[in-house]
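Okay, data.cif is below, mmCIF, C-alpha atoms:
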```cif
data_input
#
loop_
_atom_site.label_atom_id
_atom_site.label_comp_id
_atom_site.auth_asym_id
_atom_site.auth_seq_id
_atom_site.Cartn_x
_atom_site.Cartn_y
_atom_site.Cartn_z
CA MET G 143 12.28 -4.47 -18.23
CA LEU G 144 15.11 -2.70 -20.04
CA ALA G 145 15.02 -0.72 -23.25
CA ARG G 146 17.60 1.26 -25.17
CA TRP G 147 17.36 4.96 -24.36
CA GLN G 148 16.35 6.72 -27.56
CA SER G 149 17.78 10.14 -28.33
CA SER G 150 14.31 11.64 -28.84
CA LEU G 151 12.99 10.40 -25.49
CA THR G 152 13.19 13.07 -22.85
CA VAL G 153 12.41 12.14 -19.26
CA LYS G 154 9.06 13.90 -19.61
CA LEU G 155 8.17 11.97 -22.78
CA SER G 156 9.34 8.60 -21.51
CA SER G 157 7.42 8.97 -18.24
CA ALA G 158 4.21 9.46 -20.24
CA LEU G 159 4.57 6.16 -22.12
CA PRO G 160 4.53 2.97 -20.03
CA THR G 161 1.04 2.68 -18.55
CA THR G 162 -1.13 4.28 -21.23
CA ALA G 163 0.92 3.36 -24.30
CA GLY G 164 1.48 -0.12 -22.88
CA THR G 165 -2.26 -0.63 -22.43
CA ALA G 166 -2.87 0.58 -26.00
CA LEU G 167 -0.18 -1.76 -27.33
CA ALA G 168 -1.77 -4.68 -25.44
CA ALA G 169 -5.12 -3.93 -27.12
CA ILE G 170 -3.59 -3.66 -30.61
CA LYS G 171 -1.70 -6.93 -30.12
CA LYS G 172 -4.67 -8.84 -28.69
CA ALA G 173 -6.92 -7.68 -31.53
CA GLN G 174 -4.20 -8.64 -34.03
CA VAL G 175 -4.50 -5.35 -35.87
CA GLN G 176 -3.02 -5.57 -39.37
CA ALA G 177 -2.36 -3.33 -42.33
CA GLY G 178 -5.37 -2.50 -44.47
CA GLN G 179 -7.94 -3.05 -41.72
CA ARG G 180 -10.58 -0.57 -40.60
CA VAL G 181 -10.21 0.20 -36.90
CA LEU G 182 -12.67 2.06 -34.69
CA ILE G 183 -11.35 3.61 -31.49
CA ASN G 184 -14.05 4.87 -29.16
CA GLY G 185 -12.46 7.24 -26.68
CA ALA G 186 -9.61 8.14 -29.02
CA SER G 187 -8.80 11.50 -27.42
CA GLY G 188 -7.79 10.14 -24.02
CA GLY G 189 -4.37 8.85 -23.02
CA VAL G 190 -4.84 5.20 -24.05
CA GLY G 191 -6.99 6.14 -27.04
CA LEU G 192 -4.40 8.49 -28.55
CA PHE G 193 -1.72 5.83 -28.23
CA ALA G 194 -4.01 3.14 -29.70
CA LEU G 195 -4.74 5.45 -32.63
CA GLN G 196 -1.04 5.99 -33.33
CA ILE G 197 -0.06 2.34 -32.93
CA ALA G 198 -2.92 1.27 -35.24
CA LYS G 199 -1.80 3.86 -37.82
CA ALA G 200 1.78 2.57 -37.52
CA GLN G 201 0.36 -0.85 -38.51
CA GLY G 202 -1.05 0.67 -41.72
CA THR G 203 -4.74 0.79 -40.81
CA HIS G 204 -7.60 3.19 -41.49
CA VAL G 205 -8.70 4.64 -38.12
CA THR G 206 -12.05 6.14 -37.23
CA ALA G 207 -11.89 8.06 -33.95
CA VAL G 208 -14.98 8.53 -31.80
CA VAL G 209 -14.56 11.71 -29.75
CA SER G 210 -16.36 14.96 -29.07
CA HIS G 211 -16.31 17.50 -31.91
CA TYR G 212 -14.04 19.60 -29.71
CA ASN G 213 -11.29 16.95 -30.10
CA PHE G 214 -11.50 16.43 -33.89
CA ASN G 215 -8.39 18.52 -34.61
CA LEU G 216 -6.44 16.78 -31.84
CA VAL G 217 -7.08 13.23 -33.08
CA LYS G 218 -6.55 14.25 -36.71
CA SER G 219 -3.16 15.67 -35.72
CA PHE G 220 -2.34 12.21 -34.31
CA GLY G 221 -3.39 10.46 -37.54
CA ALA G 222 -7.15 9.75 -37.40
CA ASP G 223 -8.60 9.25 -40.88
CA GLU G 224 -12.18 9.94 -39.84
CA CYS G 225 -13.88 11.41 -36.78
CA VAL G 226 -17.31 10.76 -35.31
CA ASP G 227 -18.81 13.06 -32.68
CA TYR G 228 -20.29 10.81 -30.01
CA LYS G 229 -22.48 13.67 -28.77
CA THR G 230 -24.40 13.93 -32.04
CA SER G 231 -23.97 10.49 -33.65
CA ASN G 232 -24.18 6.94 -32.30
CA ILE G 233 -21.66 4.99 -34.38
CA THR G 234 -23.31 1.66 -33.51
CA LYS G 235 -26.56 2.77 -35.15
CA GLN G 236 -25.05 3.95 -38.43
CA LYS G 237 -26.00 1.89 -41.46
CA GLY G 238 -23.37 0.56 -43.81
CA VAL G 239 -20.38 0.87 -41.47
CA ALA G 240 -18.27 -2.12 -40.52
CA PHE G 241 -14.97 -2.34 -38.71
CA ASP G 242 -12.43 -5.13 -38.58
CA LYS G 243 -11.32 -4.11 -35.10
CA ILE G 244 -13.04 -2.05 -32.44
CA ILE G 245 -11.19 -0.77 -29.40
CA GLY G 246 -13.60 0.53 -26.77
CA VAL G 247 -11.48 2.60 -24.42
CA ASN G 248 -14.22 4.45 -22.61
CA GLY G 249 -16.87 1.82 -21.92
CA TYR G 250 -19.53 3.79 -23.76
CA HIS G 251 -21.37 1.02 -25.67
CA SER G 252 -22.32 -2.54 -24.82
CA VAL G 253 -20.74 -5.56 -26.45
CA SER G 254 -23.95 -6.28 -28.36
CA ASP G 255 -23.97 -2.71 -29.74
CA TYR G 256 -20.40 -3.04 -31.00
CA LYS G 257 -21.15 -6.44 -32.47
CA LYS G 258 -23.59 -4.78 -34.91
CA ILE G 259 -20.76 -2.87 -36.61
CA LEU G 260 -18.08 -5.57 -36.59
CA THR G 261 -17.19 -7.40 -39.78
CA ALA G 262 -18.01 -11.11 -39.82
CA ASP G 263 -14.52 -11.97 -38.55
CA GLY G 264 -14.02 -8.78 -36.54
CA PHE G 265 -12.57 -8.36 -33.05
CA TYR G 266 -13.79 -6.07 -30.25
CA ILE G 267 -11.50 -5.23 -27.33
CA ALA G 268 -12.83 -3.62 -24.15
CA ILE G 269 -10.34 -1.52 -22.22
CA GLY G 270 -12.46 0.89 -20.23
CA GLY G 271 -15.78 0.59 -18.50
CA VAL G 272 -16.48 -2.00 -15.85
CA ARG G 273 -19.68 -3.19 -17.53
CA GLN G 274 -17.99 -3.63 -20.91
CA VAL G 275 -14.98 -5.47 -19.51
CA MET G 276 -17.28 -7.77 -17.52
CA GLU G 277 -19.45 -8.39 -20.61
CA ALA G 278 -16.37 -9.13 -22.67
CA ALA G 279 -15.02 -11.52 -20.04
CA VAL G 280 -18.26 -13.31 -19.14
CA LEU G 281 -20.48 -12.99 -22.19
CA GLY G 282 -17.87 -12.73 -24.91
CA LYS G 283 -17.77 -16.44 -25.66
CA LEU G 284 -21.55 -16.78 -25.48
CA LEU G 285 -22.14 -13.85 -27.83
CA THR G 286 -19.77 -15.28 -30.42
CA LEU G 287 -20.82 -18.95 -30.40
CA GLY G 288 -21.00 -20.20 -33.97
CA GLN G 289 -19.55 -16.97 -35.32
CA PRO G 290 -16.00 -15.96 -36.16
CA ARG G 291 -16.35 -12.59 -34.38
CA GLN G 292 -14.19 -12.30 -31.30
CA ILE G 293 -14.70 -10.31 -28.12
CA GLY G 294 -12.08 -9.79 -25.46
CA PHE G 295 -10.60 -7.42 -22.95
CA THR G 296 -7.07 -6.49 -22.12
CA SER G 297 -4.80 -4.48 -19.88
CA LEU G 298 -1.17 -3.57 -19.61
CA PHE G 299 -0.52 -6.81 -17.74
CA ALA G 300 -1.29 -8.88 -20.84
CA LEU G 301 1.93 -7.80 -22.57
CA LYS G 302 4.79 -10.22 -23.03
CA GLY G 303 8.32 -9.68 -24.26
CA ASN G 304 10.16 -6.39 -24.36
CA TRP G 305 7.17 -4.17 -25.08
CA VAL G 306 8.97 -1.16 -23.62
CA GLN G 307 11.50 -1.47 -26.43
CA GLU G 308 8.67 -1.72 -28.98
CA LEU G 309 7.23 1.56 -27.72
CA SER G 310 10.66 3.18 -27.68
CA ASP G 311 11.27 2.09 -31.27
CA LEU G 312 7.93 3.58 -32.38
CA VAL G 313 8.85 6.87 -30.71
CA GLU G 314 12.26 6.91 -32.38
CA ALA G 315 10.64 6.19 -35.77
CA GLY G 316 8.36 9.21 -35.27
CA LYS G 317 5.23 7.03 -35.16
CA LEU G 318 4.35 7.49 -31.50
CA ARG G 319 4.27 10.60 -29.34
CA PRO G 320 2.50 11.36 -26.13
CA TYR G 321 0.15 14.29 -25.78
CA ILE G 322 1.19 16.23 -22.70
CA ASP G 323 -1.34 18.87 -21.76
CA ARG G 324 0.67 20.15 -18.80
CA VAL G 325 3.24 19.00 -16.28
CA PHE G 326 2.67 19.04 -12.54
CA SER G 327 5.39 19.12 -9.89
CA PHE G 328 5.49 16.49 -7.18
CA ALA G 329 4.12 19.08 -4.76
CA GLU G 330 1.06 19.43 -7.04
CA VAL G 331 0.08 15.75 -7.07
CA GLN G 332 -3.27 16.42 -5.39
CA LYS G 333 -4.07 19.11 -7.98
CA ALA G 334 -3.08 16.76 -10.80
CA VAL G 335 -5.38 14.01 -9.51
CA GLU G 336 -8.27 16.47 -9.17
#
```
Here is a file; write its structure as structure tokens.
Amino acid sequence: MLARWQSSLTVKLSSALPTTAGTALAAIKKAQVQAGQRVLINGASGGVGLFALQIAKAQGTHVTAVVSHYNFNLVKSFGADECVDYKTSNITKQKGVAFDKIIGVNGYHSVSDYKKILTADGFYIAIGGVRQVMEAAVLGKLLTLGQPRQIGFTSLFALKGNWVQELSDLVEAGKLRPYIDRVFSFAEVQKAVE
């Protein structure tokens, strides 16, 4: 896949995009995220979560990020409108909250838990967590019979078209940036994996 090289994309920045940002883009596309919607991203401080947050914001949504309190400033600096500390609050048990789209990056809650806080025509996407992806794949249709709610799962491999160019364009527009904690040399691969 080819994409125009953007002036703001250094080698370091561009190498941080394809897998994690591509997976986030696949989730946003599959959920059909649109302007004005309320989006919940559970696991918003990780690689895929931070990209999902930014892509959702670029679509004009209101994003609630579920992270540890330690990461509130990080996700707010990437555009989160609200933050929920998963260590002290279970978002699926809060009364009066409803989201149009839920992106579960970390596999923390079950499909039935998320279903409680989806709007009537909401969409939940599982990215992380073997149990959640299996529930979404196997039980998703059963849990939504007779209801407009949708449940699905996605990965980078679901993308079609020139998605690399889409990501590059978002970077150039200043709407997408990777968070790079540190850079490891090739000789430090084992340390990086650890």
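With all atoms listed in the file as the atoms that count, the residue of G:Phe193, G:Tyr212, G:Phe265, G:Phe328 with the shortest distance to Lys229 in chain G is G:Tyr212.
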Evaluate the PyMOL selection byres ((chain G and resi 178) around 6) here and jot the selected residues down as a VMD selection string.
chain G and resid 177 179 203
Dig up all the protein and nucleic acid residues within 12 Å of (-12.2, 14.7, -28.9) in the file frame, using all atoms listed in the file, and format them as JSON, numbers by chain.
{"G": [183, 184, 185, 186, 187, 188, 189, 191, 192, 206, 207, 208, 209, 210, 211, 212, 213, 214, 215, 216, 217, 218, 219, 220, 222, 224, 225, 226, 227, 228, 229]}
Report as a PyMOL selection string the full result of the PyMOL selection byres ((chain G and resi 202) around 12) when it is applied to this structure.
chain G and resi 175-181+195-201+203-205+221-223+317
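CA of Asp263 in chain G is found 27.8 Å from CA of Leu309 in chain G.
Separating CA of Val331 in chain G from CA of Ile269 in chain G is a distance of 25.2 Å.
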